[in-house]
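Novice: The following file, run.cif, comprises mmCIF, C-alpha atoms:
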```cif
data_entry
loop_
_atom_site.group_PDB
_atom_site.id
_atom_site.type_symbol
_atom_site.label_atom_id
_atom_site.label_comp_id
_atom_site.auth_asym_id
_atom_site.auth_seq_id
_atom_site.Cartn_x
_atom_site.Cartn_y
_atom_site.Cartn_z
ATOM 1 C CA MET A 241 0.000 0.000 0.000
ATOM 2 C CA ARG A 242 2.858 2.417 0.789
ATOM 3 C CA GLU A 243 4.360 1.796 -2.655
ATOM 4 C CA LEU A 244 0.993 2.408 -4.290
ATOM 5 C CA ILE A 245 0.601 5.714 -2.417
ATOM 6 C CA ARG A 246 4.161 6.782 -3.295
ATOM 7 C CA THR A 247 3.668 5.987 -6.984
ATOM 8 C CA THR A 248 0.288 7.689 -7.070
ATOM 9 C CA ALA A 249 1.563 10.820 -5.368
ATOM 10 C CA LYS A 250 4.401 11.089 -7.849
ATOM 11 C CA GLY A 251 2.463 10.542 -11.060
ATOM 12 C CA ASN A 252 -1.132 11.371 -10.115
ATOM 13 C CA PRO A 253 -1.407 13.864 -7.248
ATOM 14 C CA ASP A 254 -5.137 14.221 -7.911
ATOM 15 C CA LEU A 255 -5.668 10.614 -6.783
ATOM 16 C CA LEU A 256 -4.395 11.293 -3.266
ATOM 17 C CA ALA A 257 -7.840 12.459 -2.172
ATOM 18 C CA LEU A 258 -9.325 9.267 -3.566
ATOM 19 C CA LEU A 259 -6.770 7.164 -1.714
ATOM 20 C CA GLY A 260 -7.592 9.082 1.467
ATOM 21 C CA LEU A 261 -11.307 8.431 1.014
ATOM 22 C CA LEU A 262 -10.585 4.754 0.359
ATOM 23 C CA ALA A 263 -8.531 4.560 3.567
ATOM 24 C CA VAL A 264 -11.362 6.152 5.573
ATOM 25 C CA LEU A 265 -13.867 3.694 4.124
ATOM 26 C CA LEU A 266 -11.582 0.756 4.941
ATOM 27 C CA VAL A 267 -11.254 1.886 8.568
ATOM 28 C CA ALA A 268 -15.022 2.353 8.882
ATOM 29 C CA TYR A 269 -15.658 -0.982 7.168
ATOM 30 C CA GLN A 270 -13.314 -2.794 9.527
ATOM 31 C CA HIS A 271 -15.316 -1.400 12.432
ATOM 32 C CA TYR A 272 -18.324 -3.401 11.214
ATOM 33 C CA ASP A 273 -16.324 -6.335 9.873
ATOM 34 C CA PRO A 274 -13.108 -6.996 11.860
ATOM 35 C CA SER A 275 -12.239 -9.831 9.449
ATOM 36 C CA LEU A 276 -11.927 -7.366 6.544
ATOM 37 C CA LEU A 277 -8.240 -7.975 5.879
ATOM 38 C CA THR A 278 -8.367 -11.765 6.131
ATOM 39 C CA PRO A 279 -7.828 -13.755 2.912
ATOM 40 C CA ALA A 280 -11.387 -15.129 3.015
ATOM 41 C CA SER A 281 -12.926 -11.669 3.316
ATOM 42 C CA ILE A 282 -10.694 -10.231 0.579
ATOM 43 C CA THR A 283 -11.734 -13.069 -1.730
ATOM 44 C CA ILE A 284 -15.436 -12.503 -1.093
ATOM 45 C CA LEU A 285 -15.206 -8.731 -1.526
ATOM 46 C CA SER A 286 -13.124 -9.002 -4.694
ATOM 47 C CA ALA A 287 -15.748 -11.374 -6.116
ATOM 48 C CA GLN A 288 -18.412 -8.739 -5.417
ATOM 49 C CA PHE A 289 -16.388 -5.841 -6.830
ATOM 50 C CA LEU A 290 -14.884 -7.470 -9.940
ATOM 51 C CA PRO A 291 -17.941 -6.928 -12.207
ATOM 52 C CA LEU A 292 -18.005 -3.204 -11.357
ATOM 53 C CA ILE A 293 -14.233 -2.880 -11.820
ATOM 54 C CA LEU A 294 -14.408 -4.494 -15.256
ATOM 55 C CA ALA A 295 -17.494 -2.482 -16.242
ATOM 56 C CA ALA A 296 -15.727 0.716 -15.145
ATOM 57 C CA ALA A 297 -12.690 -0.314 -17.216
ATOM 58 C CA GLY A 298 -14.964 -0.603 -20.245
ATOM 59 C CA GLN A 299 -16.498 2.803 -19.548
ATOM 60 C CA THR A 300 -13.007 4.248 -19.105
ATOM 61 C CA THR A 301 -11.981 3.056 -22.561
ATOM 62 C CA VAL A 302 -14.952 4.844 -24.122
ATOM 63 C CA MET A 303 -14.390 7.994 -22.050
ATOM 64 C CA LEU A 304 -10.753 8.131 -23.139
ATOM 65 C CA LEU A 305 -12.153 8.434 -26.669
ATOM 66 C CA GLY A 306 -14.239 11.390 -25.527
ATOM 67 C CA GLY A 307 -17.530 9.508 -25.294
ATOM 68 C CA ILE A 308 -19.964 8.065 -22.766
ATOM 69 C CA ASP A 309 -21.446 4.578 -23.128
ATOM 70 C CA LEU A 310 -25.013 4.498 -21.834
ATOM 71 C CA SER A 311 -25.518 1.036 -23.331
ATOM 72 C CA LEU A 312 -22.916 -0.549 -21.054
ATOM 73 C CA GLY A 313 -25.484 -2.041 -18.661
ATOM 74 C CA ALA A 314 -27.470 -3.539 -21.530
ATOM 75 C CA VAL A 315 -24.358 -5.093 -23.110
ATOM 76 C CA LEU A 316 -23.303 -6.422 -19.700
ATOM 77 C CA GLY A 317 -26.734 -8.018 -19.256
ATOM 78 C CA LEU A 318 -26.577 -9.451 -22.778
ATOM 79 C CA SER A 319 -23.213 -11.142 -22.244
ATOM 80 C CA MET A 320 -24.390 -12.434 -18.877
ATOM 81 C CA ALA A 321 -27.563 -13.880 -20.405
ATOM 82 C CA VAL A 322 -25.730 -15.493 -23.317
ATOM 83 C CA PHE A 323 -23.124 -17.056 -21.024
ATOM 84 C CA ALA A 324 -25.577 -18.493 -18.482
ATOM 85 C CA THR A 325 -28.128 -19.604 -21.084
ATOM 86 C CA TYR A 326 -25.615 -21.318 -23.360
ATOM 87 C CA GLU A 327 -23.921 -22.969 -20.384
ATOM 88 C CA ALA A 328 -27.278 -24.287 -19.152
ATOM 89 C CA HIS A 329 -28.388 -25.781 -22.483
ATOM 90 C CA SER A 330 -25.166 -26.852 -24.160
ATOM 91 C CA ALA A 331 -22.440 -29.397 -23.640
ATOM 92 C CA GLY A 332 -19.871 -27.012 -25.106
ATOM 93 C CA GLY A 333 -18.432 -26.174 -21.710
ATOM 94 C CA VAL A 334 -17.647 -22.993 -19.816
ATOM 95 C CA ALA A 335 -14.889 -21.878 -22.196
ATOM 96 C CA THR A 336 -17.183 -22.094 -25.218
ATOM 97 C CA ALA A 337 -19.973 -20.229 -23.414
ATOM 98 C CA ALA A 338 -17.543 -17.499 -22.333
ATOM 99 C CA ALA A 339 -16.135 -17.167 -25.854
ATOM 100 C CA LEU A 340 -19.639 -16.861 -27.310
ATOM 101 C CA ALA A 341 -20.646 -14.244 -24.724
ATOM 102 C CA LEU A 342 -17.497 -12.234 -25.417
ATOM 103 C CA CYS A 343 -18.062 -12.398 -29.183
ATOM 104 C CA VAL A 344 -21.616 -11.098 -28.740
ATOM 105 C CA ALA A 345 -20.404 -8.268 -26.481
ATOM 106 C CA VAL A 346 -17.616 -7.283 -28.875
ATOM 107 C CA ALA A 347 -20.042 -7.307 -31.803
ATOM 108 C CA ALA A 348 -22.389 -4.999 -29.870
ATOM 109 C CA GLY A 349 -19.489 -2.684 -29.044
ATOM 110 C CA ALA A 350 -18.318 -2.632 -32.643
ATOM 111 C CA VAL A 351 -21.829 -1.678 -33.770
ATOM 112 C CA ASN A 352 -21.881 1.126 -31.209
ATOM 113 C CA GLY A 353 -18.466 2.323 -32.383
ATOM 114 C CA THR A 354 -19.496 2.219 -36.029
ATOM 115 C CA LEU A 355 -22.593 4.295 -35.323
ATOM 116 C CA VAL A 356 -20.562 6.818 -33.326
ATOM 117 C CA ALA A 357 -17.863 7.016 -35.997
ATOM 118 C CA TYR A 358 -20.127 7.354 -39.043
ATOM 119 C CA ALA A 359 -23.475 8.736 -37.823
ATOM 120 C CA GLY A 360 -22.042 12.066 -36.762
ATOM 121 C CA LEU A 361 -24.139 12.058 -33.584
ATOM 122 C CA PRO A 362 -22.887 12.554 -30.009
ATOM 123 C CA PRO A 363 -21.862 9.221 -28.434
ATOM 124 C CA ILE A 364 -24.258 9.777 -25.530
ATOM 125 C CA ILE A 365 -27.210 9.881 -27.955
ATOM 126 C CA VAL A 366 -26.043 6.876 -29.972
ATOM 127 C CA THR A 367 -25.391 4.704 -26.934
ATOM 128 C CA LEU A 368 -28.671 5.770 -25.311
ATOM 129 C CA ALA A 369 -30.515 4.444 -28.358
ATOM 130 C CA ALA A 370 -28.278 1.366 -28.395
ATOM 131 C CA SER A 371 -29.175 0.645 -24.771
ATOM 132 C CA PHE A 372 -32.775 -0.017 -25.840
ATOM 133 C CA LEU A 373 -31.581 -2.154 -28.753
ATOM 134 C CA TRP A 374 -29.283 -4.396 -26.720
ATOM 135 C CA GLY A 375 -31.717 -4.463 -23.800
ATOM 136 C CA GLY A 376 -34.384 -5.813 -26.155
ATOM 137 C CA VAL A 377 -32.006 -8.423 -27.567
ATOM 138 C CA THR A 378 -31.183 -9.518 -24.013
ATOM 139 C CA LEU A 379 -34.860 -10.075 -23.252
ATOM 140 C CA VAL A 380 -35.169 -12.181 -26.398
ATOM 141 C CA VAL A 381 -32.235 -14.331 -25.255
ATOM 142 C CA LEU A 382 -33.476 -14.555 -21.651
ATOM 143 C CA PRO A 383 -37.003 -13.205 -21.004
ATOM 144 C CA GLN A 384 -36.731 -13.752 -17.246
ATOM 145 C CA PRO A 385 -34.019 -14.587 -14.705
ATOM 146 C CA GLY A 386 -32.613 -18.032 -15.333
ATOM 147 C CA GLY A 387 -29.748 -19.998 -16.789
ATOM 148 C CA SER A 388 -27.110 -21.668 -14.684
ATOM 149 C CA VAL A 389 -23.386 -21.840 -14.038
ATOM 150 C CA PRO A 390 -21.526 -24.934 -12.733
ATOM 151 C CA GLY A 391 -21.506 -24.945 -8.945
ATOM 152 C CA GLY A 392 -17.797 -25.709 -8.767
ATOM 153 C CA LEU A 393 -16.962 -22.612 -10.778
ATOM 154 C CA VAL A 394 -19.253 -20.452 -8.627
ATOM 155 C CA ASP A 395 -17.596 -21.748 -5.461
ATOM 156 C CA ALA A 396 -14.059 -21.231 -6.817
ATOM 157 C CA TYR A 397 -14.907 -17.678 -7.864
ATOM 158 C CA ASN A 398 -16.580 -16.635 -4.604
ATOM 159 C CA ASN A 399 -14.477 -18.565 -2.097
ATOM 160 C CA GLY A 400 -11.126 -18.974 -3.820
ATOM 161 C CA TRP A 401 -9.360 -21.772 -5.666
ATOM 162 C CA ASN A 402 -6.554 -23.524 -3.786
ATOM 163 C CA GLY A 403 -6.195 -20.423 -1.636
ATOM 164 C CA ILE A 404 -6.031 -18.071 -4.629
ATOM 165 C CA ALA A 405 -8.532 -15.209 -4.983
ATOM 166 C CA LEU A 406 -9.357 -15.523 -8.671
ATOM 167 C CA PRO A 407 -11.042 -12.069 -8.947
ATOM 168 C CA VAL A 408 -7.884 -10.408 -7.576
ATOM 169 C CA VAL A 409 -5.827 -12.254 -10.168
ATOM 170 C CA CYS A 410 -8.211 -11.011 -12.877
ATOM 171 C CA VAL A 411 -7.864 -7.375 -11.753
ATOM 172 C CA VAL A 412 -4.068 -7.570 -11.629
ATOM 173 C CA ALA A 413 -3.973 -9.224 -15.063
ATOM 174 C CA ALA A 414 -6.281 -6.550 -16.511
ATOM 175 C CA LEU A 415 -4.083 -3.748 -15.149
ATOM 176 C CA VAL A 416 -0.910 -5.344 -16.487
ATOM 177 C CA LEU A 417 -2.423 -5.939 -19.932
ATOM 178 C CA TRP A 418 -3.790 -2.375 -20.047
ATOM 179 C CA ARG A 419 -0.370 -0.996 -19.141
ATOM 180 C CA LEU A 420 1.129 -2.957 -22.022
ATOM 181 C CA PHE A 421 -1.674 -1.885 -24.362
ATOM 182 C CA ARG A 422 -1.040 1.804 -23.606
ATOM 183 C CA THR A 423 2.458 1.503 -25.043
ATOM 184 C CA THR A 424 1.305 -0.028 -28.321
ATOM 185 C CA ARG A 425 0.388 1.882 -31.464
ATOM 186 C CA HIS A 426 -3.313 1.183 -30.878
ATOM 187 C CA GLY A 427 -3.152 2.368 -27.273
ATOM 188 C CA LEU A 428 -1.384 5.594 -28.188
ATOM 189 C CA ALA A 429 -3.880 6.139 -31.003
ATOM 190 C CA LEU A 430 -6.799 5.751 -28.595
ATOM 191 C CA TYR A 431 -5.424 8.475 -26.330
ATOM 192 C CA ALA A 432 -4.544 10.677 -29.305
ATOM 193 C CA VAL A 433 -8.022 10.500 -30.831
ATOM 194 C CA GLY A 434 -9.649 11.167 -27.474
ATOM 195 C CA GLY A 435 -7.375 14.100 -26.707
ATOM 196 C CA ASN A 436 -7.487 15.801 -30.112
ATOM 197 C CA GLU A 437 -9.413 14.044 -32.856
ATOM 198 C CA HIS A 438 -8.664 16.643 -35.533
ATOM 199 C CA GLY A 439 -4.978 16.634 -34.692
ATOM 200 C CA ALA A 440 -4.916 12.829 -34.738
ATOM 201 C CA TYR A 441 -6.579 12.813 -38.168
ATOM 202 C CA ALA A 442 -4.107 15.384 -39.464
ATOM 203 C CA SER A 443 -1.297 13.114 -38.229
ATOM 204 C CA GLY A 444 -2.567 10.316 -40.443
ATOM 205 C CA LEU A 445 -4.539 8.250 -37.940
ATOM 206 C CA HIS A 446 -7.684 6.483 -39.126
ATOM 207 C CA THR A 447 -9.814 8.050 -36.407
ATOM 208 C CA ARG A 448 -12.994 6.189 -37.313
ATOM 209 C CA GLY A 449 -11.203 2.864 -37.133
ATOM 210 C CA VAL A 450 -9.702 3.803 -33.767
ATOM 211 C CA LYS A 451 -13.165 4.616 -32.429
ATOM 212 C CA ILE A 452 -14.644 1.335 -33.632
ATOM 213 C CA GLY A 453 -11.732 -0.595 -32.164
ATOM 214 C CA GLY A 454 -11.974 1.357 -28.907
ATOM 215 C CA TYR A 455 -15.664 0.599 -28.452
ATOM 216 C CA ALA A 456 -15.032 -3.059 -29.273
ATOM 217 C CA LEU A 457 -12.225 -3.175 -26.688
ATOM 218 C CA ALA A 458 -14.498 -1.531 -24.128
ATOM 219 C CA SER A 459 -17.043 -4.277 -24.729
ATOM 220 C CA VAL A 460 -14.398 -6.907 -24.003
ATOM 221 C CA PHE A 461 -14.234 -5.515 -20.458
ATOM 222 C CA THR A 462 -18.025 -5.215 -20.320
ATOM 223 C CA GLY A 463 -18.496 -8.777 -21.567
ATOM 224 C CA LEU A 464 -16.055 -10.074 -18.961
ATOM 225 C CA ALA A 465 -17.998 -8.128 -16.316
ATOM 226 C CA GLY A 466 -21.204 -9.865 -17.415
ATOM 227 C CA ILE A 467 -19.536 -13.268 -17.307
ATOM 228 C CA GLY A 468 -18.075 -12.522 -13.870
ATOM 229 C CA LEU A 469 -21.473 -11.436 -12.564
ATOM 230 C CA ALA A 470 -23.068 -14.618 -13.890
ATOM 231 C CA ILE A 471 -20.411 -16.732 -12.175
ATOM 232 C CA GLN A 472 -20.796 -14.788 -8.941
ATOM 233 C CA THR A 473 -24.576 -15.253 -8.802
ATOM 234 C CA GLY A 474 -24.721 -18.670 -10.478
ATOM 235 C CA SER A 475 -27.355 -17.539 -12.998
ATOM 236 C CA ALA A 476 -28.386 -14.534 -15.086
ATOM 237 C CA ASP A 477 -30.831 -11.644 -14.861
ATOM 238 C CA PRO A 478 -31.608 -9.706 -18.085
ATOM 239 C CA THR A 479 -32.211 -6.423 -16.238
ATOM 240 C CA ILE A 480 -29.404 -6.503 -13.686
ATOM 241 C CA GLY A 481 -26.973 -4.446 -15.749
ATOM 242 C CA ALA A 482 -28.738 -1.068 -15.476
ATOM 243 C CA PRO A 483 -27.052 0.154 -12.235
ATOM 244 C CA TYR A 484 -23.614 -0.623 -13.666
ATOM 245 C CA THR A 485 -23.948 2.080 -16.312
ATOM 246 C CA LEU A 486 -24.015 5.042 -13.917
ATOM 247 C CA ASN A 487 -21.740 3.377 -11.350
ATOM 248 C CA SER A 488 -19.124 2.752 -14.037
ATOM 249 C CA ILE A 489 -19.231 6.420 -15.037
ATOM 250 C CA ALA A 490 -18.925 7.485 -11.397
ATOM 251 C CA ALA A 491 -15.953 5.142 -10.835
ATOM 252 C CA ALA A 492 -14.171 6.430 -13.936
ATOM 253 C CA VAL A 493 -14.714 10.092 -13.056
ATOM 254 C CA LEU A 494 -13.625 9.496 -9.459
ATOM 255 C CA GLY A 495 -10.500 7.839 -10.841
ATOM 256 C CA GLY A 496 -9.534 10.923 -12.830
ATOM 257 C CA ILE A 497 -10.844 10.047 -16.298
ATOM 258 C CA SER A 498 -11.727 13.208 -18.212
ATOM 259 C CA PHE A 499 -15.160 13.641 -19.792
ATOM 260 C CA PHE A 500 -13.380 15.285 -22.717
ATOM 261 C CA GLY A 501 -11.187 12.292 -23.518
ATOM 262 C CA GLY A 502 -7.485 11.541 -23.680
ATOM 263 C CA ILE A 503 -6.717 11.919 -19.958
ATOM 264 C CA GLY A 504 -6.723 9.273 -17.248
ATOM 265 C CA ARG A 505 -5.286 5.976 -16.110
ATOM 266 C CA MET A 506 -6.915 2.655 -15.469
ATOM 267 C CA ARG A 507 -5.534 2.273 -11.955
ATOM 268 C CA GLY A 508 -7.486 5.384 -10.985
ATOM 269 C CA THR A 509 -10.658 3.772 -12.272
ATOM 270 C CA VAL A 510 -9.971 0.652 -10.193
ATOM 271 C CA LEU A 511 -9.608 2.824 -7.083
ATOM 272 C CA GLY A 512 -12.848 4.611 -7.946
ATOM 273 C CA ALA A 513 -14.679 1.306 -8.326
ATOM 274 C CA LEU A 514 -13.329 0.118 -4.962
ATOM 275 C CA VAL A 515 -14.570 3.310 -3.298
ATOM 276 C CA ILE A 516 -18.070 2.865 -4.728
ATOM 277 C CA GLY A 517 -18.161 -0.840 -3.817
ATOM 278 C CA LEU A 518 -16.984 -0.281 -0.249
ATOM 279 C CA LEU A 519 -19.326 2.674 0.222
ATOM 280 C CA THR A 520 -22.316 0.634 -0.952
ATOM 281 C CA ASN A 521 -21.508 -2.247 1.403
ATOM 282 C CA LEU A 522 -20.799 0.112 4.286
ATOM 283 C CA LEU A 523 -24.189 1.791 3.923
ATOM 284 C CA LEU A 524 -25.834 -1.638 4.047
ATOM 285 C CA PHE A 525 -23.936 -2.454 7.246
ATOM 286 C CA THR A 526 -25.069 0.759 8.935
ATOM 287 C CA GLY A 527 -28.726 -0.163 8.424
ATOM 288 C CA ILE A 528 -29.616 3.158 6.811
ATOM 289 C CA SER A 529 -32.902 3.087 4.922
ATOM 290 C CA PRO A 530 -32.415 2.335 1.206
ATOM 291 C CA PHE A 531 -34.102 5.666 0.437
ATOM 292 C CA TYR A 532 -31.358 7.523 2.304
ATOM 293 C CA GLN A 533 -28.525 5.296 1.087
ATOM 294 C CA LEU A 534 -28.719 6.824 -2.394
ATOM 295 C CA ILE A 535 -28.659 10.328 -0.905
ATOM 296 C CA VAL A 536 -25.618 9.571 1.253
ATOM 297 C CA GLN A 537 -23.840 7.854 -1.640
ATOM 298 C CA GLY A 538 -24.524 10.832 -3.893
ATOM 299 C CA VAL A 539 -23.292 13.351 -1.314
ATOM 300 C CA VAL A 540 -20.072 11.405 -0.682
ATOM 301 C CA LEU A 541 -19.381 11.158 -4.410
ATOM 302 C CA ILE A 542 -20.016 14.881 -4.920
ATOM 303 C CA VAL A 543 -17.712 15.808 -2.021
ATOM 304 C CA ALA A 544 -15.014 13.432 -3.283
ATOM 305 C CA LEU A 545 -15.212 14.815 -6.820
ATOM 306 C CA THR A 546 -15.162 18.407 -5.568
ATOM 307 C CA LEU A 547 -12.145 17.785 -3.344
ATOM 308 C CA LYS A 548 -10.301 15.945 -6.101
ATOM 309 C CA THR A 549 -10.998 18.760 -8.573
ATOM 310 C CA TYR A 550 -9.798 21.347 -6.046
ATOM 311 C CA LEU A 551 -6.543 19.467 -5.388
ATOM 312 C CA THR A 552 -5.961 18.977 -9.106
ATOM 313 C CA ARG A 553 -6.481 22.691 -9.801
ATOM 314 C CA ASN A 554 -4.061 23.675 -7.018
ATOM 315 C CA GLU A 555 -1.464 21.239 -8.299
ATOM 316 C CA ARG A 556 -1.699 22.608 -11.836
ATOM 317 C CA GLU A 557 -1.488 26.210 -10.591
ATOM 318 C CA GLY A 558 1.597 25.298 -8.553
ATOM 319 C CA MET A 559 3.286 23.740 -11.576
ATOM 320 C CA SER A 560 2.526 26.782 -13.750
ATOM 321 C CA ARG A 561 4.213 29.202 -11.333
#
```
Turn this file's structure into structure tokens for me.

Specialist:
Amino acid sequence: MRELIRTTAKGNPDLLALLGLLAVLLVAYQHYDPSLLTPASITILSAQFLPLILAAAGQTTVMLLGGIDLSLGAVLGLSMAVFATYEAHSAGGVATAAALALCVAVAAGAVNGTLVAYAGLPPIIVTLAASFLWGGVTLVVLPQPGGSVPGGLVDAYNNGWNGIALPVVCVVAALVLWRLFRTTRHGLALYAVGGNEHGAYASGLHTRGVKIGGYALASVFTGLAGIGLAIQTGSADPTIGAPYTLNSIAAAVLGGISFFGGIGRMRGTVLGALVIGLLTNLLLFTGISPFYQLIVQGVVLIVALTLKTYLTRNEREGMSR
């Protein structure tokens, strides 16, 4: 943790406030659950938070391109439904079901990216319309909650496999792969198009192709989130993805991802997702009425965003002097 704080302070001073909020939430959480830092508790919590972390990673990819994906929850529900339904009715196995669910999610993302790239409409409008499209397709695949996932896989995901927290391994792997991706031509192009699309085009980049590829990549994360959620719950629900849309945006913004594209790092998004996950669980522990939980969650997020923006502005002013 000390190394993480040192690295964050050096490269991303604006994330210090987020780390402070995360530390406060961890202390408060441990008050209600003294076993918080035990391997069993970490495994259970990581299993709960992994779908949001992956969904937020998908949203981050779109936001780095300067867009917002309001269809994320629908695509997450679609991949979840395809995975659990195919697994329940086919002898193809878990790997085949996961591959099919990912292919469907990537296809949906590519369609979204194509519409954004060629329709000339704001991404928020395109993905809002797409949310109805993919939500309808999900209901065709799975009209009501159902499907199934092998019990052994559910147990290994939620309780660990040979002492290994599989969700933690997935998060670490995603961060490592993203770090490698950022250094590739495609990763640099994604940031370039999000930061200055006209400049990127003038430099010879195929901006439309970058957008389509970026939305497809985002749907890889979203599809994995849907698969993870299906494994966590042992089945699928066609309408469960809706809350992940706004929570993924909140996690990305908390993590320092710019609404205007081209600025932000994935590790910030992971921290933002952890803050939202811990805050949600903590409010449940306190026994606050569900009606007030949303108010408290909203206030905490607003305060955190305001403080982070203030610290970022001060840091930039200090560097410009």

Novice: Just to confirm, what's the straight-line distance from atom CA of A:Ala257 to atom CA of A:Arg505 in Å (one decimal)?

Specialist: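 These atoms are spaced 15.6 Å apart.
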
Novice: Could you write out as a list in words the residues that the PyMOL selection byres ((chain A and resi 488) around 10) matches in the shown file?

Specialist: Pro291, Leu292, Ile293, Leu294, Ala295, Ala296, Ala297, Gly298, Gln299, Thr300, Asp309, Leu310, Leu312, Gly313, Pro483, Tyr484, Thr485, Leu486, Asn487, Ile489, Ala490, Ala491, Ala492, Val493, Leu494, Thr509, Gly512, Ala513 and Ile516 of chain A

Novice: So that I can see what lies close to A:Val460, please list as a list in words the residues with an atom at most 7 Å from it, counting all atoms listed in the file and leaving out residues fewer than 2 positions away in the same chain.

Specialist: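 Residues near the query, excluding close chain neighbours: Leu342, Ala345, Val346, Ala456, Leu457, Ala458, Thr462, Gly463 and Leu464 of chain A.
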
Novice: Going by the chain IDs and residue numbers used in this file, which residues fall under the PyMOL selection byres ((chain A and resi 410) around 12)? Write them as a ChimeraX atom specification.

Specialist: /A:283,286-287,289-291,293-294,397,404-409,411-417,461,464-465,468

Novice: If you measure from atom CA of A:Thr447 to atom CA of A:Cys343, what distance in Å do you get, rounded to one decimal?

Specialist: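 Separating atom CA of A:Thr447 from atom CA of A:Cys343 is a distance of 23.2 Å.
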
Novice: Excluding stretch 418-435 of chain A and its own-chain neighbours fewer than 2 positions away, which residues fall within 8 Å of it when counting all atoms listed in the file? Please give them as number ranges by chain.

Specialist: A: 303-306, 414-416, 437-441, 445, 447, 450-451, 454, 500-503, 506

Novice: Between A:Leu382, A:Leu518, A:Met320, A:Val510, single out the one closest to A:Val267, counting all atoms listed in the file.

Specialist: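 Of all the options, A:Leu518 lies closest to A:Val267.
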
Novice: Where atoms are missing, can you supply N, CA and C atoms for stretch 462-478 of chain A and output the lot as a compact mmCIF listing (two decimals), in the frame of the given file?

Specialist:
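Saved to rebuild.txt:
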```txt
# COMPACT_ATOMS: atom_id res chain seq x y z
N THR A 462 -16.62 -5.12 -20.72
CA THR A 462 -18.02 -5.22 -20.32
C THR A 462 -18.51 -6.66 -20.39
N GLY A 463 -18.12 -7.37 -21.44
CA GLY A 463 -18.50 -8.78 -21.57
C GLY A 463 -17.92 -9.61 -20.44
N LEU A 464 -16.66 -9.36 -20.09
CA LEU A 464 -16.06 -10.07 -18.96
C LEU A 464 -16.77 -9.76 -17.66
N ALA A 465 -17.23 -8.50 -17.51
CA ALA A 465 -18.00 -8.13 -16.32
C ALA A 465 -19.29 -8.92 -16.24
N GLY A 466 -19.97 -9.08 -17.38
CA GLY A 466 -21.20 -9.86 -17.42
C GLY A 466 -20.96 -11.33 -17.08
N ILE A 467 -19.88 -11.87 -17.61
CA ILE A 467 -19.54 -13.27 -17.31
C ILE A 467 -19.20 -13.42 -15.82
N GLY A 468 -18.42 -12.47 -15.29
CA GLY A 468 -18.08 -12.52 -13.87
C GLY A 468 -19.30 -12.43 -12.98
N LEU A 469 -20.26 -11.58 -13.36
CA LEU A 469 -21.47 -11.44 -12.56
C LEU A 469 -22.30 -12.71 -12.61
N ALA A 470 -22.34 -13.35 -13.77
CA ALA A 470 -23.07 -14.62 -13.89
C ALA A 470 -22.44 -15.70 -13.02
N ILE A 471 -21.10 -15.73 -12.99
CA ILE A 471 -20.41 -16.73 -12.18
C ILE A 471 -20.61 -16.43 -10.70
N GLN A 472 -20.61 -15.16 -10.35
CA GLN A 472 -20.80 -14.79 -8.94
C GLN A 472 -22.17 -15.21 -8.44
N THR A 473 -23.20 -14.97 -9.24
CA THR A 473 -24.58 -15.25 -8.80
C THR A 473 -25.04 -16.67 -9.16
N GLY A 474 -24.35 -17.32 -10.08
CA GLY A 474 -24.72 -18.67 -10.48
C GLY A 474 -25.83 -18.73 -11.51
N SER A 475 -26.29 -17.58 -11.99
CA SER A 475 -27.36 -17.54 -13.00
C SER A 475 -27.29 -16.18 -13.69
N ALA A 476 -28.37 -15.80 -14.36
CA ALA A 476 -28.39 -14.53 -15.09
C ALA A 476 -29.71 -13.81 -14.88
N ASP A 477 -29.65 -12.49 -14.96
CA ASP A 477 -30.83 -11.64 -14.86
C ASP A 477 -30.74 -10.63 -16.00
N PRO A 478 -31.71 -10.59 -16.91
CA PRO A 478 -31.61 -9.71 -18.08
C PRO A 478 -31.66 -8.23 -17.77
```
